[in-house]
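One file, model-v8.pdb, is given below (PDB, C-alpha atoms).
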```pdb
MODEL        1
ATOM      1  CA  MET A   1       0.000   0.000   0.000  1.00  0.00           C
ATOM      2  CA  LYS A   2       1.069   3.553  -0.695  1.00  0.00           C
ATOM      3  CA  PHE A   3       0.935   5.806   2.394  1.00  0.00           C
ATOM      4  CA  GLY A   4       0.963   9.566   2.738  1.00  0.00           C
ATOM      5  CA  ILE A   5       1.917  10.819   6.205  1.00  0.00           C
ATOM      6  CA  LEU A   6       1.026  14.105   7.883  1.00  0.00           C
ATOM      7  CA  VAL A   7       2.876  15.166  11.048  1.00  0.00           C
ATOM      8  CA  ASN A   8       1.200  18.063  12.859  1.00  0.00           C
ATOM      9  CA  GLU A   9       3.262  18.373  16.039  1.00  0.00           C
ATOM     10  CA  GLY A  10       6.837  19.319  16.831  1.00  0.00           C
ATOM     11  CA  PRO A  11       9.449  17.001  18.325  1.00  0.00           C
ATOM     12  CA  TYR A  12       9.677  16.170  22.050  1.00  0.00           C
ATOM     13  CA  THR A  13       6.631  18.124  23.309  1.00  0.00           C
ATOM     14  CA  HIS A  14       4.334  15.660  21.573  1.00  0.00           C
ATOM     15  CA  GLU A  15       4.741  12.014  20.694  1.00  0.00           C
ATOM     16  CA  ALA A  16       3.194  12.508  17.243  1.00  0.00           C
ATOM     17  CA  SER A  17       6.520  12.705  15.409  1.00  0.00           C
ATOM     18  CA  ASP A  18       7.863   9.623  17.231  1.00  0.00           C
ATOM     19  CA  THR A  19       4.723   7.646  16.401  1.00  0.00           C
ATOM     20  CA  ALA A  20       4.820   8.753  12.770  1.00  0.00           C
ATOM     21  CA  TYR A  21       8.481   7.718  12.569  1.00  0.00           C
ATOM     22  CA  GLN A  22       7.761   4.283  14.040  1.00  0.00           C
ATOM     23  CA  PHE A  23       4.773   3.882  11.711  1.00  0.00           C
ATOM     24  CA  VAL A  24       6.847   4.787   8.647  1.00  0.00           C
ATOM     25  CA  LYS A  25       9.644   2.434   9.681  1.00  0.00           C
ATOM     26  CA  ALA A  26       7.198  -0.427  10.285  1.00  0.00           C
ATOM     27  CA  ALA A  27       5.372   0.216   7.001  1.00  0.00           C
ATOM     28  CA  LEU A  28       8.638   0.199   5.041  1.00  0.00           C
ATOM     29  CA  ALA A  29       9.713  -3.019   6.798  1.00  0.00           C
ATOM     30  CA  LYS A  30       6.471  -4.634   5.633  1.00  0.00           C
ATOM     31  CA  GLY A  31       7.186  -3.596   2.054  1.00  0.00           C
ATOM     32  CA  HIS A  32       4.770  -0.663   1.844  1.00  0.00           C
ATOM     33  CA  GLU A  33       5.578   2.540   0.026  1.00  0.00           C
ATOM     34  CA  ILE A  34       5.750   5.951   1.709  1.00  0.00           C
ATOM     35  CA  TYR A  35       4.725   8.465  -0.922  1.00  0.00           C
ATOM     36  CA  ARG A  36       5.589  11.495   1.204  1.00  0.00           C
ATOM     37  CA  VAL A  37       5.860  12.703   4.799  1.00  0.00           C
ATOM     38  CA  PHE A  38       4.439  16.209   5.124  1.00  0.00           C
ATOM     39  CA  PHE A  39       5.140  18.355   8.189  1.00  0.00           C
ATOM     40  CA  TYR A  40       2.625  21.022   9.135  1.00  0.00           C
ATOM     41  CA  HIS A  41       1.816  23.316  12.096  1.00  0.00           C
ATOM     42  CA  ASP A  42       4.600  22.900  14.719  1.00  0.00           C
ATOM     43  CA  GLY A  43       5.502  19.710  12.854  1.00  0.00           C
ATOM     44  CA  VAL A  44       7.892  21.830  10.767  1.00  0.00           C
ATOM     45  CA  ASN A  45      10.174  21.958  13.830  1.00  0.00           C
ATOM     46  CA  ASN A  46      11.040  18.331  13.084  1.00  0.00           C
ATOM     47  CA  GLY A  47      13.136  19.712  10.227  1.00  0.00           C
ATOM     48  CA  THR A  48      15.587  22.001  12.005  1.00  0.00           C
ATOM     49  CA  ARG A  49      19.154  20.703  12.131  1.00  0.00           C
ATOM     50  CA  LEU A  50      19.931  22.859  15.187  1.00  0.00           C
ATOM     51  CA  THR A  51      18.226  20.616  17.730  1.00  0.00           C
ATOM     52  CA  VAL A  52      20.631  19.192  20.326  1.00  0.00           C
ATOM     53  CA  PRO A  53      18.809  16.685  22.547  1.00  0.00           C
ATOM     54  CA  PRO A  54      20.604  15.189  25.586  1.00  0.00           C
ATOM     55  CA  GLN A  55      22.890  12.298  24.660  1.00  0.00           C
ATOM     56  CA  ASP A  56      20.746   9.712  26.438  1.00  0.00           C
ATOM     57  CA  ASP A  57      17.648  10.735  24.480  1.00  0.00           C
ATOM     58  CA  ARG A  58      16.606   9.926  20.914  1.00  0.00           C
ATOM     59  CA  ASN A  59      17.531  12.460  18.245  1.00  0.00           C
ATOM     60  CA  ILE A  60      14.211  12.875  16.462  1.00  0.00           C
ATOM     61  CA  VAL A  61      15.441  15.153  13.674  1.00  0.00           C
ATOM     62  CA  LYS A  62      18.530  13.068  12.923  1.00  0.00           C
ATOM     63  CA  ARG A  63      16.408   9.919  12.947  1.00  0.00           C
ATOM     64  CA  TRP A  64      14.139  11.343  10.217  1.00  0.00           C
ATOM     65  CA  SER A  65      17.176  12.465   8.187  1.00  0.00           C
ATOM     66  CA  GLU A  66      18.741   9.003   8.404  1.00  0.00           C
ATOM     67  CA  LEU A  67      15.514   7.226   7.482  1.00  0.00           C
ATOM     68  CA  ALA A  68      15.118   9.577   4.514  1.00  0.00           C
ATOM     69  CA  ALA A  69      18.645   8.781   3.320  1.00  0.00           C
ATOM     70  CA  GLN A  70      18.107   5.030   3.717  1.00  0.00           C
ATOM     71  CA  HIS A  71      14.777   4.854   1.934  1.00  0.00           C
ATOM     72  CA  LYS A  72      14.836   7.945  -0.293  1.00  0.00           C
ATOM     73  CA  LEU A  73      11.878   9.369   1.655  1.00  0.00           C
ATOM     74  CA  ASP A  74      10.326  12.646   0.558  1.00  0.00           C
ATOM     75  CA  LEU A  75      10.204  14.763   3.740  1.00  0.00           C
ATOM     76  CA  VAL A  76       8.445  18.064   3.085  1.00  0.00           C
ATOM     77  CA  LEU A  77       7.916  21.044   5.377  1.00  0.00           C
ATOM     78  CA  CYS A  78       5.068  23.447   4.614  1.00  0.00           C
ATOM     79  CA  ILE A  79       6.709  26.706   3.563  1.00  0.00           C
ATOM     80  CA  ALA A  80       4.182  29.029   5.218  1.00  0.00           C
ATOM     81  CA  ALA A  81       4.269  27.091   8.499  1.00  0.00           C
ATOM     82  CA  ALA A  82       8.077  26.890   8.376  1.00  0.00           C
ATOM     83  CA  GLN A  83       8.477  30.620   7.737  1.00  0.00           C
ATOM     84  CA  ARG A  84       6.228  31.440  10.682  1.00  0.00           C
ATOM     85  CA  ARG A  85       8.397  29.274  12.927  1.00  0.00           C
ATOM     86  CA  GLY A  86      11.841  30.156  11.602  1.00  0.00           C
ATOM     87  CA  VAL A  87      12.773  27.014   9.715  1.00  0.00           C
ATOM     88  CA  MET A  88      14.401  27.698   6.348  1.00  0.00           C
ATOM     89  CA  ASP A  89      16.802  26.395   3.764  1.00  0.00           C
ATOM     90  CA  ALA A  90      19.630  28.486   2.299  1.00  0.00           C
ATOM     91  CA  ALA A  91      17.523  29.775  -0.599  1.00  0.00           C
ATOM     92  CA  GLU A  92      14.664  30.864   1.683  1.00  0.00           C
ATOM     93  CA  ALA A  93      17.112  32.495   4.104  1.00  0.00           C
ATOM     94  CA  LYS A  94      18.592  34.506   1.271  1.00  0.00           C
ATOM     95  CA  ARG A  95      15.184  35.450  -0.122  1.00  0.00           C
ATOM     96  CA  ASN A  96      14.018  36.665   3.309  1.00  0.00           C
ATOM     97  CA  GLY A  97      17.258  38.456   4.169  1.00  0.00           C
ATOM     98  CA  LYS A  98      18.148  36.108   7.040  1.00  0.00           C
ATOM     99  CA  ASP A  99      21.743  35.471   8.086  1.00  0.00           C
ATOM    100  CA  ALA A 100      21.347  31.737   8.710  1.00  0.00           C
ATOM    101  CA  ASP A 101      19.516  28.649   7.566  1.00  0.00           C
ATOM    102  CA  ASN A 102      18.667  25.538   9.555  1.00  0.00           C
ATOM    103  CA  LEU A 103      16.963  22.923   7.372  1.00  0.00           C
ATOM    104  CA  ALA A 104      18.074  19.410   8.316  1.00  0.00           C
ATOM    105  CA  PRO A 105      19.453  17.016   5.662  1.00  0.00           C
ATOM    106  CA  GLY A 106      16.839  14.995   3.815  1.00  0.00           C
ATOM    107  CA  PHE A 107      14.079  17.592   4.250  1.00  0.00           C
ATOM    108  CA  ARG A 108      12.809  20.048   1.681  1.00  0.00           C
ATOM    109  CA  ILE A 109      10.491  23.036   1.917  1.00  0.00           C
ATOM    110  CA  SER A 110       7.485  23.359  -0.363  1.00  0.00           C
ATOM    111  CA  GLY A 111       3.840  24.399  -0.513  1.00  0.00           C
ATOM    112  CA  LEU A 112       0.653  22.969   0.926  1.00  0.00           C
ATOM    113  CA  GLY A 113      -0.168  21.616  -2.514  1.00  0.00           C
ATOM    114  CA  GLN A 114       2.293  18.829  -1.690  1.00  0.00           C
ATOM    115  CA  LEU A 115      -0.016  17.714   1.132  1.00  0.00           C
ATOM    116  CA  ILE A 116      -3.100  17.689  -1.095  1.00  0.00           C
ATOM    117  CA  GLU A 117      -1.149  15.830  -3.758  1.00  0.00           C
ATOM    118  CA  ALA A 118      -0.131  13.220  -1.163  1.00  0.00           C
ATOM    119  CA  GLY A 119      -3.823  12.819  -0.302  1.00  0.00           C
ATOM    120  CA  ILE A 120      -4.646  12.297  -3.963  1.00  0.00           C
ATOM    121  CA  GLN A 121      -1.756   9.981  -4.841  1.00  0.00           C
ATOM    122  CA  ALA A 122      -1.574   7.821  -1.716  1.00  0.00           C
ATOM    123  CA  ASP A 123      -3.968   4.974  -0.942  1.00  0.00           C
ATOM    124  CA  ARG A 124      -4.147   6.209   2.662  1.00  0.00           C
ATOM    125  CA  LEU A 125      -3.229   9.521   4.258  1.00  0.00           C
ATOM    126  CA  VAL A 126      -2.402   8.977   7.912  1.00  0.00           C
ATOM    127  CA  VAL A 127      -2.464  12.010  10.217  1.00  0.00           C
ATOM    128  CA  PHE A 128      -0.293  12.156  13.345  1.00  0.00           C
ATOM    129  CA  GLY A 129      -1.149  14.966  15.723  1.00  0.00           C
ATOM    130  CA  ASP A 130      -2.819  16.124  18.856  1.00  0.00           C
TER     131      ASP A 130
ATOM    132  CA  MET B 131      -6.833   2.745  -4.848  1.00  0.00           C
ATOM    133  CA  THR B 132     -10.114   2.472  -6.742  1.00  0.00           C
ATOM    134  CA  GLU B 133     -10.279   2.590 -10.518  1.00  0.00           C
ATOM    135  CA  GLU B 134     -12.055   5.919 -10.300  1.00  0.00           C
ATOM    136  CA  ASN B 135      -9.163   7.510  -8.459  1.00  0.00           C
ATOM    137  CA  ALA B 136      -6.618   5.962 -10.774  1.00  0.00           C
ATOM    138  CA  GLY B 137      -8.500   7.573 -13.637  1.00  0.00           C
ATOM    139  CA  GLY B 138      -8.037  11.033 -12.151  1.00  0.00           C
ATOM    140  CA  VAL B 139     -11.563  11.409 -10.801  1.00  0.00           C
ATOM    141  CA  ALA B 140     -11.776  13.649  -7.750  1.00  0.00           C
ATOM    142  CA  LYS B 141     -11.286  12.147  -4.324  1.00  0.00           C
ATOM    143  CA  LYS B 142     -13.522  13.036  -1.410  1.00  0.00           C
ATOM    144  CA  PHE B 143     -11.583  15.222   1.038  1.00  0.00           C
ATOM    145  CA  LEU B 144     -12.988  16.022   4.480  1.00  0.00           C
ATOM    146  CA  TYR B 145     -11.390  18.629   6.710  1.00  0.00           C
ATOM    147  CA  VAL B 146     -12.300  17.999  10.340  1.00  0.00           C
ATOM    148  CA  ASN B 147     -12.170  21.085  12.546  1.00  0.00           C
ATOM    149  CA  ARG B 148     -12.174  20.216  16.229  1.00  0.00           C
ATOM    150  CA  ARG B 149     -10.721  23.280  17.927  1.00  0.00           C
ATOM    151  CA  ALA B 150     -11.772  26.800  18.893  1.00  0.00           C
ATOM    152  CA  PRO B 151     -10.719  29.454  16.342  1.00  0.00           C
ATOM    153  CA  TYR B 152      -8.196  31.200  18.573  1.00  0.00           C
ATOM    154  CA  GLY B 153      -5.949  29.982  21.358  1.00  0.00           C
ATOM    155  CA  THR B 154      -4.089  27.693  18.961  1.00  0.00           C
ATOM    156  CA  ILE B 155      -3.173  28.080  15.293  1.00  0.00           C
ATOM    157  CA  TYR B 156      -4.831  24.844  14.124  1.00  0.00           C
ATOM    158  CA  ALA B 157      -8.049  26.450  12.865  1.00  0.00           C
ATOM    159  CA  LEU B 158      -6.287  29.153  10.852  1.00  0.00           C
ATOM    160  CA  GLU B 159      -3.754  26.771   9.323  1.00  0.00           C
ATOM    161  CA  SER B 160      -6.518  24.276   8.548  1.00  0.00           C
ATOM    162  CA  LEU B 161      -8.324  26.945   6.581  1.00  0.00           C
ATOM    163  CA  GLU B 162      -5.101  27.629   4.682  1.00  0.00           C
ATOM    164  CA  VAL B 163      -5.040  23.981   3.569  1.00  0.00           C
ATOM    165  CA  VAL B 164      -8.681  24.212   2.455  1.00  0.00           C
ATOM    166  CA  LEU B 165      -7.966  27.297   0.333  1.00  0.00           C
ATOM    167  CA  ILE B 166      -4.854  25.809  -1.299  1.00  0.00           C
ATOM    168  CA  GLY B 167      -6.588  22.459  -1.720  1.00  0.00           C
ATOM    169  CA  ALA B 168      -9.498  24.089  -3.556  1.00  0.00           C
ATOM    170  CA  ALA B 169      -7.214  24.584  -6.565  1.00  0.00           C
ATOM    171  CA  PHE B 170      -6.933  20.798  -6.926  1.00  0.00           C
ATOM    172  CA  GLU B 171     -10.618  20.410  -7.817  1.00  0.00           C
ATOM    173  CA  GLN B 172     -11.340  17.599  -5.391  1.00  0.00           C
ATOM    174  CA  ASP B 173     -14.695  16.862  -3.744  1.00  0.00           C
ATOM    175  CA  VAL B 174     -14.253  18.933  -0.567  1.00  0.00           C
ATOM    176  CA  SER B 175     -16.306  18.970   2.651  1.00  0.00           C
ATOM    177  CA  LEU B 176     -15.687  20.564   6.034  1.00  0.00           C
ATOM    178  CA  ALA B 177     -16.814  19.140   9.354  1.00  0.00           C
ATOM    179  CA  PHE B 178     -17.058  21.068  12.611  1.00  0.00           C
ATOM    180  CA  LEU B 179     -17.019  19.060  15.829  1.00  0.00           C
ATOM    181  CA  GLY B 180     -16.635  19.957  19.489  1.00  0.00           C
ATOM    182  CA  ASP B 181     -15.170  23.429  20.068  1.00  0.00           C
ATOM    183  CA  GLY B 182     -14.638  23.584  16.298  1.00  0.00           C
ATOM    184  CA  VAL B 183     -18.190  24.940  16.000  1.00  0.00           C
ATOM    185  CA  TYR B 184     -16.932  28.211  17.530  1.00  0.00           C
ATOM    186  CA  GLN B 185     -14.949  28.801  14.323  1.00  0.00           C
ATOM    187  CA  LEU B 186     -18.258  29.575  12.601  1.00  0.00           C
ATOM    188  CA  THR B 187     -19.943  31.753  15.207  1.00  0.00           C
ATOM    189  CA  LYS B 188     -20.808  35.378  14.438  1.00  0.00           C
ATOM    190  CA  GLY B 189     -19.244  38.406  16.056  1.00  0.00           C
ATOM    191  CA  HIS B 190     -15.583  37.453  16.391  1.00  0.00           C
ATOM    192  CA  ASP B 191     -13.479  40.381  17.582  1.00  0.00           C
ATOM    193  CA  THR B 192      -9.762  39.611  17.810  1.00  0.00           C
ATOM    194  CA  LYS B 193      -8.448  43.153  18.298  1.00  0.00           C
ATOM    195  CA  GLY B 194      -7.499  42.538  21.914  1.00  0.00           C
ATOM    196  CA  LEU B 195      -5.710  39.316  20.965  1.00  0.00           C
ATOM    197  CA  GLU B 196      -3.717  41.028  18.216  1.00  0.00           C
ATOM    198  CA  VAL B 197      -4.304  38.063  15.934  1.00  0.00           C
ATOM    199  CA  LYS B 198      -5.922  38.029  12.516  1.00  0.00           C
ATOM    200  CA  ASN B 199      -9.705  37.602  12.501  1.00  0.00           C
ATOM    201  CA  PHE B 200     -10.176  34.969   9.808  1.00  0.00           C
ATOM    202  CA  SER B 201     -13.922  34.642  10.316  1.00  0.00           C
ATOM    203  CA  PRO B 202     -14.677  36.452   6.984  1.00  0.00           C
ATOM    204  CA  THR B 203     -12.736  33.744   5.127  1.00  0.00           C
ATOM    205  CA  PHE B 204     -15.531  31.256   5.807  1.00  0.00           C
ATOM    206  CA  ARG B 205     -17.903  33.485   3.842  1.00  0.00           C
ATOM    207  CA  ALA B 206     -15.448  33.412   0.917  1.00  0.00           C
ATOM    208  CA  LEU B 207     -15.356  29.609   0.759  1.00  0.00           C
ATOM    209  CA  GLU B 208     -18.286  29.609  -1.641  1.00  0.00           C
ATOM    210  CA  ASP B 209     -16.087  31.392  -4.202  1.00  0.00           C
ATOM    211  CA  TYR B 210     -13.725  28.425  -3.949  1.00  0.00           C
ATOM    212  CA  ASP B 211     -16.598  25.978  -4.592  1.00  0.00           C
ATOM    213  CA  VAL B 212     -16.381  24.768  -1.013  1.00  0.00           C
ATOM    214  CA  THR B 213     -20.032  24.600  -0.034  1.00  0.00           C
ATOM    215  CA  LYS B 214     -20.435  21.414   2.006  1.00  0.00           C
ATOM    216  CA  LEU B 215     -20.097  22.423   5.643  1.00  0.00           C
ATOM    217  CA  TYR B 216     -21.327  19.918   8.221  1.00  0.00           C
ATOM    218  CA  VAL B 217     -21.789  20.950  11.834  1.00  0.00           C
ATOM    219  CA  GLU B 218     -22.320  18.438  14.614  1.00  0.00           C
ATOM    220  CA  LYS B 219     -25.722  18.987  16.212  1.00  0.00           C
ATOM    221  CA  GLU B 220     -24.654  17.741  19.628  1.00  0.00           C
ATOM    222  CA  ALA B 221     -21.665  20.118  19.655  1.00  0.00           C
ATOM    223  CA  LEU B 222     -23.904  23.113  18.928  1.00  0.00           C
ATOM    224  CA  GLU B 223     -26.445  22.130  21.571  1.00  0.00           C
ATOM    225  CA  ALA B 224     -23.831  21.467  24.247  1.00  0.00           C
ATOM    226  CA  ARG B 225     -22.599  25.036  23.754  1.00  0.00           C
ATOM    227  CA  GLY B 226     -26.021  26.670  23.655  1.00  0.00           C
ATOM    228  CA  LEU B 227     -25.629  27.586  19.984  1.00  0.00           C
ATOM    229  CA  ARG B 228     -28.105  27.514  17.110  1.00  0.00           C
ATOM    230  CA  GLU B 229     -27.654  27.484  13.344  1.00  0.00           C
ATOM    231  CA  ALA B 230     -28.663  31.179  13.321  1.00  0.00           C
ATOM    232  CA  ASP B 231     -25.533  31.966  15.364  1.00  0.00           C
ATOM    233  CA  LEU B 232     -23.265  30.888  12.496  1.00  0.00           C
ATOM    234  CA  VAL B 233     -21.750  33.123   9.779  1.00  0.00           C
ATOM    235  CA  VAL B 234     -22.426  30.790   6.839  1.00  0.00           C
ATOM    236  CA  PRO B 235     -25.124  28.340   5.758  1.00  0.00           C
ATOM    237  CA  VAL B 236     -24.325  24.871   7.053  1.00  0.00           C
ATOM    238  CA  GLU B 237     -25.909  21.472   7.326  1.00  0.00           C
ATOM    239  CA  VAL B 238     -26.430  20.530  10.956  1.00  0.00           C
ATOM    240  CA  VAL B 239     -26.087  16.776  11.351  1.00  0.00           C
ATOM    241  CA  SER B 240     -26.207  14.321  14.247  1.00  0.00           C
ATOM    242  CA  ALA B 241     -22.984  12.719  15.469  1.00  0.00           C
ATOM    243  CA  GLU B 242     -24.298   9.471  14.010  1.00  0.00           C
ATOM    244  CA  ARG B 243     -24.803  11.035  10.570  1.00  0.00           C
ATOM    245  CA  MET B 244     -21.360  12.678  10.872  1.00  0.00           C
ATOM    246  CA  ALA B 245     -19.848   9.234  11.294  1.00  0.00           C
ATOM    247  CA  GLU B 246     -21.525   8.135   8.048  1.00  0.00           C
ATOM    248  CA  ILE B 247     -20.187  11.217   6.263  1.00  0.00           C
ATOM    249  CA  MET B 248     -16.684  10.381   7.496  1.00  0.00           C
ATOM    250  CA  GLU B 249     -17.109   6.778   6.425  1.00  0.00           C
ATOM    251  CA  ALA B 250     -17.777   7.934   2.856  1.00  0.00           C
ATOM    252  CA  GLN B 251     -14.519   9.929   2.519  1.00  0.00           C
ATOM    253  CA  ASP B 252     -11.265   9.023   0.775  1.00  0.00           C
ATOM    254  CA  VAL B 253      -9.074  11.466   2.700  1.00  0.00           C
ATOM    255  CA  ILE B 254      -9.711  12.927   6.157  1.00  0.00           C
ATOM    256  CA  LEU B 255      -7.518  15.738   7.434  1.00  0.00           C
ATOM    257  CA  SER B 256      -8.108  16.333  11.119  1.00  0.00           C
ATOM    258  CA  PHE B 257      -7.060  19.610  12.726  1.00  0.00           C
TER     259      PHE B 257
ENDMDL
END
```
As structure tokens, what does this structure read like?
Amino acid sequence: MKFGILVNEGPYTHEASDTAYQFVKAALAKGHEIYRVFFYHDGVNNGTRLTVPPQDDRNIVKRWSELAAQHKLDLVLCIAAAQRRGVMDAAEAKRNGKDADNLAPGFRISGLGQLIEAGIQADRLVVFGD
Amino acid sequence: MTEENAGGVAKKFLYVNRRAPYGTIYALESLEVVLIGAAFEQDVSLAFLGDGVYQLTKGHDTKGLEVKNFSPTFRALEDYDVTKLYVEKEALEARGLREADLVVPVEVVSAERMAEIMEAQDVILSF
């Protein structure tokens, strides 16, 4: 089955991102396809490479990046939600006159149309949130 | 995936609004998805459950909150061909609200009927 995934909460405060990660990993292990993982609301904070969790805790952002590299996952942050919350890639930083960028490896920033498209293309869209 | 969907026929999208309009950003950002999604010409419906019914009430004034009052956007949904708005009857009643208190025409449905509406969808986005 082809899954689309929507993550609506940021890392650590909520378990949504953890659960989505475990779901994606389990689905891939069973041979399913992940069409796209879309991050919305505070979910965009899963895509900042500047998070530094304590060493005895899981690194949620790094975990997504590694899974993306392993399975060629399409991890997409909503651009409007990301801009509101200060998550941007180099191009966006330049366009908005910011002196830094913080997008984690394996993520990209795009529009909400990518979420709708995931809903259209996937057999199931699974929402992880509060 | 059904043959219909594979052939490019519109899918049924339901946006489920469960939260009060202010206090959190979910309602506003949900509406942003609805507006962007309208360009994809899918079969779109909106559902309002629980405190989500407050999103549609008349007389919002957000000046003191210093946040954008997005109440007028609901009246513009018709221009985007988004006309199926379902409001949970029990949620209205529990909050002492009536259909006349809402800014746009809606269909008030029982929780039981709402479940049937959800059952008939291809994609449910819950905010």
Discussion item. Assuming the chain letters and numbering stay as they are in my file, what does the ChimeraX specification (/A :<12) & /B actually select? List them as a PyMOL selection string.
Written reply: chain B and resi 131-146+148-149+154-174+251-257
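Pairwise distance (atom CA of His14 of chain A, atom CA of Ile60 of chain A) equals 11.5 Å.
Closest approach to Ala82 of chain A among A:Gln70, A:Asn102, A:Thr51, A:Asn45: A:Asn45, based on only C-alpha atoms.
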Fill in: Exercise: segment 215-227 of chain B partners within 7 Å, all atoms listed in the file, chain neighbours under 2 positions left out, as a PyMOL selection string
chain B and resi 175-180+183+213+229+231+236-241+244
Item to complete: List the neighbours of Glu196 of chain B out to 12 Å using all atoms listed in the file; skip same-chain residues closer than 3 positions along the sequence, and give me the result as a PyMOL selection string.
Response: chain B and resi 152-153+191-193+199
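A straight line drawn from atom CA of Ala20 of chain A to atom CA of Ile5 of chain A is 7.5 Å long.
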Worksheet item: Excluding same-chain residues fewer than 6 positions from Gly86 of chain A, what lies within 12 Å of it counting only C-alpha atoms, as a PyMOL selection string?
Response: chain A and resi 42+44-50+77-80+92-93+96+98-103
Response to the item:
Shortest contact to Pro235 of chain B, candidates B:Leu195, B:Ala250, B:Ala150, B:Leu186, atoms counted only C-alpha atoms, goes to B:Leu186
Worksheet item: When you draw a straight line from atom CA of Ala104 of chain A to atom CA of Ala90 of chain A, how long is it in Å?
Response: 11.0 Å
Box for segment 14-24 of chain A - axis-aligned, 4 Å on each of the six sides, all listed atoms - centre and size in Å to one decimal, as lines of an AutoDock Vina configuration file.
```
center_x = 5.8
center_y = 9.8
center_z = 15.1
size_x = 13.3
size_y = 19.8
size_z = 20.9
```
Worksheet item: Looking at A:Ala29, A:Val61, A:Ile34, A:Val24, which one is nearest to Gly4 of chain A, with distances taken over only C-alpha atoms?
Response: A:Ile34
